[in-house]
file structure07.txt (compact mmCIF, C-alpha atoms and all ligand atoms)
# COMPACT_ATOMS: atom_id res chain seq x y z
CA MET A 1 -15.32 -34.85 -1.00
CA ARG A 2 -15.33 -31.50 0.74
CA PHE A 3 -12.65 -29.10 2.05
CA ASP A 4 -13.49 -26.25 4.42
CA VAL A 5 -10.53 -23.91 4.75
CA VAL A 6 -10.05 -21.51 7.64
CA THR A 7 -7.97 -18.67 6.19
CA LEU A 8 -7.37 -14.94 6.39
CA PHE A 9 -6.88 -14.95 2.59
CA PRO A 10 -9.80 -16.84 0.99
CA GLY A 11 -9.08 -15.26 -2.40
CA MET A 12 -5.86 -17.25 -2.73
CA PHE A 13 -7.90 -20.44 -3.22
CA ALA A 14 -8.92 -19.33 -6.70
CA ALA A 15 -5.60 -20.92 -7.65
CA VAL A 16 -7.15 -24.38 -7.16
CA THR A 17 -10.80 -23.63 -7.96
CA ASP A 18 -10.11 -21.81 -11.25
CA HIS A 19 -7.27 -23.78 -12.87
CA GLY A 20 -6.44 -27.13 -14.33
CA ILE A 21 -7.35 -30.55 -12.98
CA THR A 22 -8.70 -29.25 -9.67
CA ARG A 23 -11.00 -26.82 -11.50
CA ARG A 24 -12.33 -29.52 -13.79
CA ALA A 25 -12.84 -31.96 -10.92
CA ARG A 26 -14.77 -29.31 -8.99
CA GLU A 27 -16.96 -28.59 -12.01
CA LEU A 28 -17.63 -32.33 -12.24
CA GLY A 29 -18.81 -32.22 -8.61
CA LEU A 30 -15.98 -34.45 -7.34
CA TRP A 31 -15.11 -32.00 -4.57
CA GLN A 32 -16.41 -28.84 -2.94
CA LEU A 33 -14.64 -25.93 -1.27
CA ALA A 34 -15.84 -23.45 1.34
CA THR A 35 -13.66 -20.85 3.06
CA TRP A 36 -14.05 -19.39 6.54
CA ASN A 37 -12.33 -16.16 7.47
CA PRO A 38 -11.49 -15.94 11.18
CA ARG A 39 -12.03 -12.17 10.90
CA ASP A 40 -15.74 -12.90 10.47
CA PHE A 41 -15.70 -14.58 13.90
CA THR A 42 -14.35 -11.66 15.94
CA SER A 43 -16.36 -9.40 18.21
CA ASP A 44 -14.24 -6.23 18.46
CA ARG A 45 -14.47 -3.16 16.25
CA HIS A 46 -11.11 -3.83 14.58
CA ARG A 47 -11.91 -7.49 13.90
CA THR A 48 -8.67 -8.52 15.57
CA VAL A 49 -7.40 -12.05 14.88
CA ASP A 50 -3.84 -11.82 16.23
CA ASP A 51 -1.95 -10.56 19.25
CA ARG A 52 1.59 -10.36 20.64
CA PRO A 53 3.16 -13.55 22.00
CA PHE A 54 3.21 -14.16 25.76
CA GLY A 55 6.82 -14.35 26.89
CA GLY A 56 7.89 -11.82 24.26
CA GLY A 57 9.60 -12.28 20.94
CA PRO A 58 8.99 -11.07 17.42
CA GLY A 59 5.81 -11.28 15.37
CA MET A 60 2.20 -11.93 16.16
CA VAL A 61 0.22 -15.07 17.01
CA LEU A 62 -3.25 -16.04 15.75
CA MET A 63 -5.71 -16.03 18.65
CA ALA A 64 -7.56 -19.21 19.53
CA GLU A 65 -11.17 -18.01 19.70
CA PRO A 66 -11.74 -16.70 16.12
CA LEU A 67 -10.15 -19.92 14.77
CA ALA A 68 -12.28 -22.14 17.03
CA ALA A 69 -15.47 -20.30 16.05
CA ALA A 70 -14.54 -20.62 12.34
CA VAL A 71 -13.96 -24.37 12.73
CA GLU A 72 -17.33 -24.74 14.47
CA ALA A 73 -19.07 -22.88 11.64
CA ALA A 74 -17.30 -25.13 9.11
CA HIS A 75 -18.44 -28.25 10.98
CA THR A 76 -22.04 -26.98 11.04
CA ALA A 77 -21.92 -26.38 7.28
CA GLN A 78 -20.43 -29.86 6.73
CA ARG A 79 -23.26 -31.49 8.69
CA THR A 80 -25.85 -29.42 6.79
CA ALA A 81 -24.30 -30.69 3.55
CA GLY A 82 -24.70 -34.29 4.75
CA TYR A 83 -21.13 -34.94 5.94
CA ALA A 84 -19.96 -35.96 9.39
CA ASN A 85 -17.78 -33.39 11.18
CA GLY A 86 -14.54 -33.49 9.20
CA ARG A 87 -11.08 -34.06 10.64
CA VAL A 88 -9.39 -30.77 11.51
CA VAL A 89 -5.94 -30.51 9.96
CA ALA A 90 -3.67 -27.54 10.66
CA LEU A 91 -0.92 -26.74 8.16
CA SER A 92 2.25 -26.36 10.16
CA ALA A 93 5.99 -26.42 9.46
CA GLY A 94 6.28 -28.54 12.60
CA GLY A 95 3.63 -31.05 11.47
CA ARG A 96 4.02 -34.56 10.14
CA PRO A 97 5.47 -34.47 6.60
CA LEU A 98 2.89 -35.14 3.87
CA THR A 99 3.55 -38.31 1.84
CA ASP A 100 2.13 -39.94 -1.28
CA ALA A 101 0.68 -42.73 0.90
CA ARG A 102 -1.11 -40.22 3.13
CA VAL A 103 -2.45 -38.33 0.09
CA ARG A 104 -3.84 -41.52 -1.48
CA ALA A 105 -5.45 -42.63 1.79
CA TRP A 106 -6.98 -39.16 2.15
CA ALA A 107 -8.53 -39.36 -1.33
CA GLN A 108 -9.79 -42.88 -0.64
CA GLU A 109 -11.45 -41.88 2.64
CA GLY A 110 -13.20 -38.94 0.94
CA GLY A 111 -15.60 -37.14 3.28
CA ALA A 112 -15.00 -33.70 4.69
CA THR A 113 -11.83 -32.07 6.05
CA VAL A 114 -11.25 -28.71 7.75
CA LEU A 115 -7.88 -27.20 6.83
CA VAL A 116 -6.59 -24.46 9.15
CA CYS A 117 -4.04 -22.02 7.72
CA GLY A 118 -1.66 -20.25 10.09
CA ARG A 119 -0.07 -16.85 9.48
CA TYR A 120 2.52 -14.67 11.22
CA GLU A 121 4.47 -16.62 13.89
CA GLY A 122 1.79 -19.28 14.06
CA ILE A 123 -1.28 -20.30 16.06
CA ASP A 124 -2.07 -20.27 19.81
CA GLN A 125 -1.12 -23.75 21.04
CA ARG A 126 -4.33 -24.13 23.05
CA PHE A 127 -6.40 -24.04 19.84
CA LEU A 128 -4.13 -26.67 18.28
CA GLU A 129 -4.58 -28.95 21.29
CA ALA A 130 -8.32 -28.43 21.74
CA CYS A 131 -9.58 -28.28 18.15
CA VAL A 132 -7.01 -29.84 15.78
CA ASP A 133 -6.69 -33.58 15.08
CA GLU A 134 -3.48 -33.48 13.09
CA GLU A 135 -0.74 -31.07 11.97
CA VAL A 136 0.66 -31.54 8.46
CA SER A 137 3.82 -30.08 6.92
CA ILE A 138 4.51 -29.96 3.19
CA GLY A 139 8.29 -29.87 3.62
CA ASP A 140 11.27 -28.79 5.67
CA PHE A 141 11.04 -25.07 4.92
CA VAL A 142 8.95 -22.20 6.26
CA LEU A 143 6.18 -20.58 4.24
CA SER A 144 4.67 -17.25 5.25
CA GLY A 145 1.22 -18.81 5.59
CA GLY A 146 -0.62 -22.11 5.52
CA GLU A 147 -2.61 -21.29 2.35
CA ILE A 148 -0.12 -22.56 -0.22
CA ALA A 149 0.38 -25.69 1.90
CA ALA A 150 -3.42 -26.21 2.10
CA MET A 151 -3.65 -25.82 -1.69
CA ALA A 152 -0.84 -28.34 -2.12
CA VAL A 153 -2.86 -30.80 -0.01
CA ILE A 154 -6.07 -30.11 -1.96
CA ASP A 155 -4.34 -30.45 -5.35
CA ALA A 156 -2.52 -33.65 -4.40
CA VAL A 157 -5.64 -35.27 -2.92
CA VAL A 158 -8.14 -34.18 -5.58
CA ARG A 159 -6.09 -35.59 -8.47
CA HIS A 160 -6.51 -39.03 -6.87
CA LEU A 161 -10.32 -38.84 -6.76
CA PRO A 162 -11.78 -41.30 -9.28
CA GLY A 163 -12.54 -39.37 -12.49
CA ALA A 164 -10.28 -36.37 -11.73
CA LEU A 165 -7.56 -37.42 -14.17
CA LYS A 166 -8.71 -37.92 -17.75
CA ILE A 167 -6.33 -40.83 -18.15
CA GLU A 168 -5.35 -43.01 -15.22
CA SER A 169 -1.78 -41.82 -15.14
CA ALA A 170 -1.32 -41.92 -11.37
CA ALA A 171 -0.31 -45.59 -11.25
CA ASP A 172 3.28 -45.10 -12.50
CA GLU A 173 3.95 -41.58 -11.25
CA SER A 174 6.78 -40.75 -8.87
CA PHE A 175 6.41 -42.62 -5.54
CA ALA A 176 3.58 -44.90 -6.74
CA THR A 177 6.11 -47.63 -7.59
CA GLY A 178 8.39 -46.74 -4.68
CA LEU A 179 10.68 -44.95 -7.18
CA LEU A 180 10.81 -41.54 -8.86
CA ASP A 181 9.27 -41.26 -12.33
CA ALA A 182 11.30 -41.91 -15.48
CA PRO A 183 11.99 -38.88 -17.73
CA HIS A 184 9.50 -37.95 -20.46
CA PHE A 185 10.06 -36.84 -24.07
CA THR A 186 7.79 -35.54 -26.83
CA ARG A 187 8.20 -34.25 -30.39
CA PRO A 188 10.40 -33.24 -32.09
CA ASP A 189 12.65 -36.32 -31.95
CA VAL A 190 15.71 -34.06 -32.27
CA TRP A 191 15.58 -30.75 -30.38
CA ARG A 192 18.55 -28.33 -30.64
CA GLY A 193 20.80 -31.23 -31.51
CA CYS A 194 19.57 -33.49 -28.66
CA ALA A 195 17.97 -36.73 -29.75
CA VAL A 196 15.33 -38.66 -27.85
CA PRO A 197 16.81 -41.84 -26.29
CA SER A 198 16.65 -44.50 -28.99
CA ALA A 199 15.00 -47.08 -26.72
CA LEU A 200 11.85 -44.95 -26.77
CA LEU A 201 11.75 -45.01 -30.58
CA SER A 202 12.24 -48.78 -30.80
CA GLY A 203 8.54 -49.62 -30.73
CA ASN A 204 9.52 -52.59 -28.56
CA HIS A 205 7.23 -52.39 -25.55
CA ALA A 206 9.30 -54.63 -23.27
CA GLN A 207 12.47 -52.71 -24.12
CA ILE A 208 10.75 -49.38 -23.44
CA GLU A 209 9.43 -50.61 -20.09
CA ARG A 210 12.91 -51.85 -19.11
CA TRP A 211 14.50 -48.56 -20.16
CA ARG A 212 11.96 -46.60 -18.11
CA ARG A 213 12.49 -48.86 -15.10
CA GLU A 214 16.26 -48.38 -15.29
CA GLN A 215 15.93 -44.62 -15.69
CA ALA A 216 13.66 -44.54 -12.64
CA LEU A 217 16.17 -46.65 -10.69
CA ALA A 218 19.09 -44.44 -11.75
CA ARG A 219 17.29 -41.19 -10.97
CA THR A 220 16.11 -42.49 -7.59
CA ALA A 221 19.56 -43.80 -6.69
CA ARG A 222 21.04 -40.41 -7.53
CA GLU A 223 18.43 -38.07 -6.04
CA ARG A 224 16.77 -40.13 -3.30
CA PRO A 225 18.87 -43.06 -2.08
CA ASP A 226 16.51 -43.23 0.92
CA LEU A 227 13.73 -44.35 -1.46
CA ILE A 228 15.93 -47.10 -2.92
CA ALA A 229 16.51 -48.41 0.60
CA ALA A 230 12.77 -48.29 1.32
CA ALA A 231 11.90 -50.00 -1.99
CA ARG A 232 14.43 -52.72 -1.22
CA ALA A 233 13.04 -53.19 2.30
CA GLY A 234 9.52 -53.33 0.83
CA GLY A 235 10.47 -56.07 -1.64
CA LEU A 236 9.88 -53.81 -4.65
CA LEU A 237 13.24 -54.48 -6.34
CA ASP A 238 13.95 -57.70 -8.19
CA GLU A 239 17.30 -59.29 -9.00
CA ARG A 240 17.48 -57.49 -12.36
CA ASP A 241 16.97 -54.15 -10.63
CA GLU A 242 19.69 -54.98 -8.10
CA ARG A 243 22.12 -55.94 -10.86
CA PHE A 244 21.43 -52.64 -12.62
CA LEU A 245 21.96 -50.68 -9.39
CA ARG A 246 25.26 -52.47 -8.72
CA GLY A 247 26.29 -51.62 -12.28
CA ILE A 248 25.72 -47.89 -11.94
CA ALA A 249 27.31 -47.82 -8.49
CA GLN A 250 30.49 -49.42 -9.91
CA GLY A 251 30.41 -47.28 -13.05
CA ALA A 252 30.41 -44.09 -11.02
CA GLY A 253 32.90 -45.23 -8.39
CA GLY A 254 30.02 -45.87 -6.06
CA ALA A 255 29.67 -42.41 -4.56
CA ASN A 256 27.97 -40.45 -7.30
CA PRO A 257 25.58 -42.24 -9.66
CA PRO A 258 25.63 -40.78 -13.19
CA ALA A 259 23.26 -38.21 -14.67
CA VAL A 260 20.15 -39.88 -16.02
CA LEU A 261 20.02 -38.14 -19.35
CA ASN A 262 23.68 -38.21 -20.30
CA PRO A 263 23.74 -40.77 -23.13
CA SER A 264 27.40 -41.60 -22.47
CA SER A 265 26.70 -42.34 -18.81
CA ALA A 266 27.09 -45.76 -17.26
CA ALA A 267 23.33 -45.84 -16.70
CA ALA A 268 22.54 -45.42 -20.39
CA THR A 269 25.26 -47.87 -21.39
CA THR A 270 24.03 -50.49 -18.95
CA ALA A 271 20.46 -49.89 -20.06
CA ALA A 272 21.48 -50.45 -23.68
CA GLU A 273 23.43 -53.57 -22.80
CA ALA A 274 20.55 -54.98 -20.78
CA ALA A 275 18.17 -54.31 -23.67
N1 LIG B 1 6.99 -19.90 13.60
C1 LIG B 1 6.65 -21.03 12.77
C2 LIG B 1 6.46 -20.62 11.31
C3 LIG B 1 5.21 -19.82 11.06
S1 LIG B 1 4.96 -19.55 9.36
C4 LIG B 1 7.74 -22.08 12.83
O1 LIG B 1 8.90 -21.71 13.05
O2 LIG B 1 7.45 -23.27 12.63
C5 LIG B 1 3.25 -19.15 9.32
C6 LIG B 1 2.30 -20.28 8.95
O3 LIG B 1 2.66 -20.82 7.69
C7 LIG B 1 2.28 -21.45 9.89
O4 LIG B 1 1.43 -21.22 10.99
C8 LIG B 1 1.76 -22.57 8.99
O5 LIG B 1 0.34 -22.54 8.92
C9 LIG B 1 2.29 -22.18 7.62
N2 LIG B 1 3.47 -22.96 7.21
C10 LIG B 1 4.75 -22.51 7.18
N3 LIG B 1 5.58 -23.47 6.74
C11 LIG B 1 4.82 -24.55 6.46
C12 LIG B 1 5.11 -25.87 5.98
N4 LIG B 1 6.35 -26.25 5.66
N5 LIG B 1 4.07 -26.73 5.81
C13 LIG B 1 2.81 -26.36 6.14
N6 LIG B 1 2.48 -25.12 6.60
C14 LIG B 1 3.46 -24.24 6.77
call {"tool": "encode", "arguments": {"input": "structure07.txt", "output": "structure tokens", "more": "lines below"}}
Ligand code: SAH
result
Amino acid sequence: MRFDVVTLFPGMFAAVTDHGITRRARELGLWQLATWNPRDFTSDRHRTVDDRPFGGGPGMVLMAEPLAAAVEAAHTAQRTAGYANGRVVALSAGGRPLTDARVRAWAQEGGATVLVCGRYEGIDQRFLEACVDEEVSIGDFVLSGGEIAAMAVIDAVVRHLPGALKIESAADESFATGLLDAPHFTRPDVWRGCAVPSALLSGNHAQIERWRREQALARTARERPDLIAAARAGGLLDERDERFLRGIAQGAGGANPPAVLNPSSAAATTAAEAA
């Protein structure tokens, strides 16, 4: 898989090439990165990439031509490397929100992608319409540039490439099951007076799985009730799950499901009773 990133700050991408899982995966040849600086595709003495917005207003706007020329150079390099012209994806606060499903599909498709990073007030709309296939947002907030968003895309996609994770831990991560992940604990078994939940020390695999399922249900109900509704609509909750959810809703008066880790909470009590 290959990413070509159009960016005014190519040095920022050392964050993904030089660290952790993405570094290792790149060293294994699972993905490649090339960066394209729009400044290298300007023709004036000052290498100008931005200008003031038509119609007035604050800030500057990235001009279409240096971005278009950078995308064309990226496509040429992709073809030379044996790829078809990759989809062009602009990072944009106004784009379609990135999801786990989209990330997994992206990794499965493989191939090449061109990621275009905006700066300042954004990008000339004519470039977006003529050269960009898709705009992607990483959340409902505004970053000062598309680079961190592009790195979030790269990191999220690359960890799903076969062989990127040493152990296949992606199957039960947050979102994979339609729920958030259950909490994790490691040694020591008592830390500053706080013990690890006893279910995890039981050695009983079925009991541990049930405890984790209930923790995931409780956390999701509390933090992301929208995901519970989606999991229910998708047929991902069974009768036992529904009984547990009714239990915590009643235990907390319905409005405010209890904290996951509080051992005296209704969630923990119900989990213990169920087990
Ligand atoms: N005026 C724009 C914000 C520009 S921020 C607006 O109100 O929507 C500068 C650049 O940062 C954008 O062009 C985009 O590339 C990037 N960016 C900002 N927030 C982002 C987000 N949530 N997701 C993806 N990219 C984002």
call {"tool": "residues_near_ligand", "arguments": {"input": "structure07.txt", "ligand": "ligand LIG 1 (chain B)", "cutoff": "8 Å", "atoms": "only C-alpha atoms and all ligand atoms", "output": "PDB file with C-alpha atoms, in the frame of the given file"}}
result
ATOM      1  CA  ALA A  90      -3.670 -27.540  10.660  1.00  0.00           C
ATOM      2  CA  LEU A  91      -0.920 -26.740   8.160  1.00  0.00           C
ATOM      3  CA  SER A  92       2.250 -26.360  10.160  1.00  0.00           C
ATOM      4  CA  ALA A  93       5.990 -26.420   9.460  1.00  0.00           C
ATOM      5  CA  GLY A  94       6.280 -28.540  12.600  1.00  0.00           C
ATOM      6  CA  GLY A  95       3.630 -31.050  11.470  1.00  0.00           C
ATOM      7  CA  PRO A  97       5.470 -34.470   6.600  1.00  0.00           C
ATOM      8  CA  VAL A 116      -6.590 -24.460   9.150  1.00  0.00           C
ATOM      9  CA  CYS A 117      -4.040 -22.020   7.720  1.00  0.00           C
ATOM     10  CA  GLY A 118      -1.660 -20.250  10.090  1.00  0.00           C
ATOM     11  CA  ARG A 119      -0.070 -16.850   9.480  1.00  0.00           C
ATOM     12  CA  TYR A 120       2.520 -14.670  11.220  1.00  0.00           C
ATOM     13  CA  GLU A 121       4.470 -16.620  13.890  1.00  0.00           C
ATOM     14  CA  GLY A 122       1.790 -19.280  14.060  1.00  0.00           C
ATOM     15  CA  ILE A 123      -1.280 -20.300  16.060  1.00  0.00           C
ATOM     16  CA  VAL A 136       0.660 -31.540   8.460  1.00  0.00           C
ATOM     17  CA  SER A 137       3.820 -30.080   6.920  1.00  0.00           C
ATOM     18  CA  ILE A 138       4.510 -29.960   3.190  1.00  0.00           C
ATOM     19  CA  GLY A 139       8.290 -29.870   3.620  1.00  0.00           C
ATOM     20  CA  ASP A 140      11.270 -28.790   5.670  1.00  0.00           C
ATOM     21  CA  PHE A 141      11.040 -25.070   4.920  1.00  0.00           C
ATOM     22  CA  VAL A 142       8.950 -22.200   6.260  1.00  0.00           C
ATOM     23  CA  LEU A 143       6.180 -20.580   4.240  1.00  0.00           C
ATOM     24  CA  SER A 144       4.670 -17.250   5.250  1.00  0.00           C
ATOM     25  CA  GLY A 145       1.220 -18.810   5.590  1.00  0.00           C
ATOM     26  CA  GLY A 146      -0.620 -22.110   5.520  1.00  0.00           C
ATOM     27  CA  GLU A 147      -2.610 -21.290   2.350  1.00  0.00           C
ATOM     28  CA  ILE A 148      -0.120 -22.560  -0.220  1.00  0.00           C
ATOM     29  CA  ALA A 149       0.380 -25.690   1.900  1.00  0.00           C
ATOM     30  CA  ALA A 150      -3.420 -26.210   2.100  1.00  0.00           C
TER      31      ALA A 150
END
call {"tool": "closest_residue", "arguments": {"input": "structure07.txt", "among": "A:Lys166, A:Gln207, A:Ala176, A:Arg192", "to": "Leu236 in chain A", "atoms": "only C-alpha atoms"}}
result
A:Ala176
call {"tool": "atom_distance", "arguments": {"input": "structure07.txt", "atom1": "CA of Leu165 in chain A", "atom2": "CA of Leu30 in chain A"}}
result
11.2 Å
call {"tool": "atom_distance", "arguments": {"input": "structure07.txt", "atom1": "CA of Ala77 in chain A", "atom2": "CA of Phe41 in chain A"}}
result
14.9 Å
call {"tool": "residues_around", "arguments": {"input": "structure07.txt", "residues": "Leu67 in chain A", "least_positions_apart": "4", "cutoff": "12 Å", "atoms": "all atoms listed in the file", "output": "VMD selection string"}}
result
chain A and resid 5 to 8 36 to 42 48 to 50 61 to 63 71 to 74 88 90 114 to 119 122 to 128 130 to 132
call {"tool": "closest_residue", "arguments": {"input": "structure07.txt", "among": "A:Ala69, A:Ala230, A:Ala112, A:Ala164", "to": "Glu27 in chain A", "atoms": "all atoms listed in the file"}}
result
A:Ala164
call {"tool": "axis_aligned_box", "arguments": {"input": "structure07.txt", "around": "range 177-193 of chain A", "padding_each_side": "3 Å", "output": "lines of an AutoDock Vina configuration file"}}
result
center_x = 13.5
center_y = -38.0
center_z = -18.5
size_x = 20.7
size_y = 25.3
size_z = 33.6
call {"tool": "atom_distance", "arguments": {"input": "structure07.txt", "atom1": "CA of Ala105 in chain A", "atom2": "CA of Leu161 in chain A"}}
result
10.5 Å
call {"tool": "closest_atom_pairs", "arguments": {"input": "structure07.txt", "of": "range 230-249 of chain A", "to": "range 212-225 of chain A", "cutoff": "8 Å", "atoms": "only C-alpha atoms", "output": "Markdown table"}}
result
| residue | atom | partner | partner_atom | distance |
| --- | --- | --- | --- | --- |
| A:Asp241 | CA | A:Glu214 | CA | 7.5 |
| A:Phe244 | CA | A:Glu214 | CA | 7.2 |
| A:Leu245 | CA | A:Leu217 | CA | 7.2 |
| A:Ile248 | CA | A:Ala218 | CA | 7.5 |
call {"tool": "closest_residue", "arguments": {"input": "structure07.txt", "among": "A:Thr113, A:Gln250, A:Thr22, A:Thr99", "to": "Ala34 in chain A", "atoms": "all atoms listed in the file"}}
result
A:Thr113
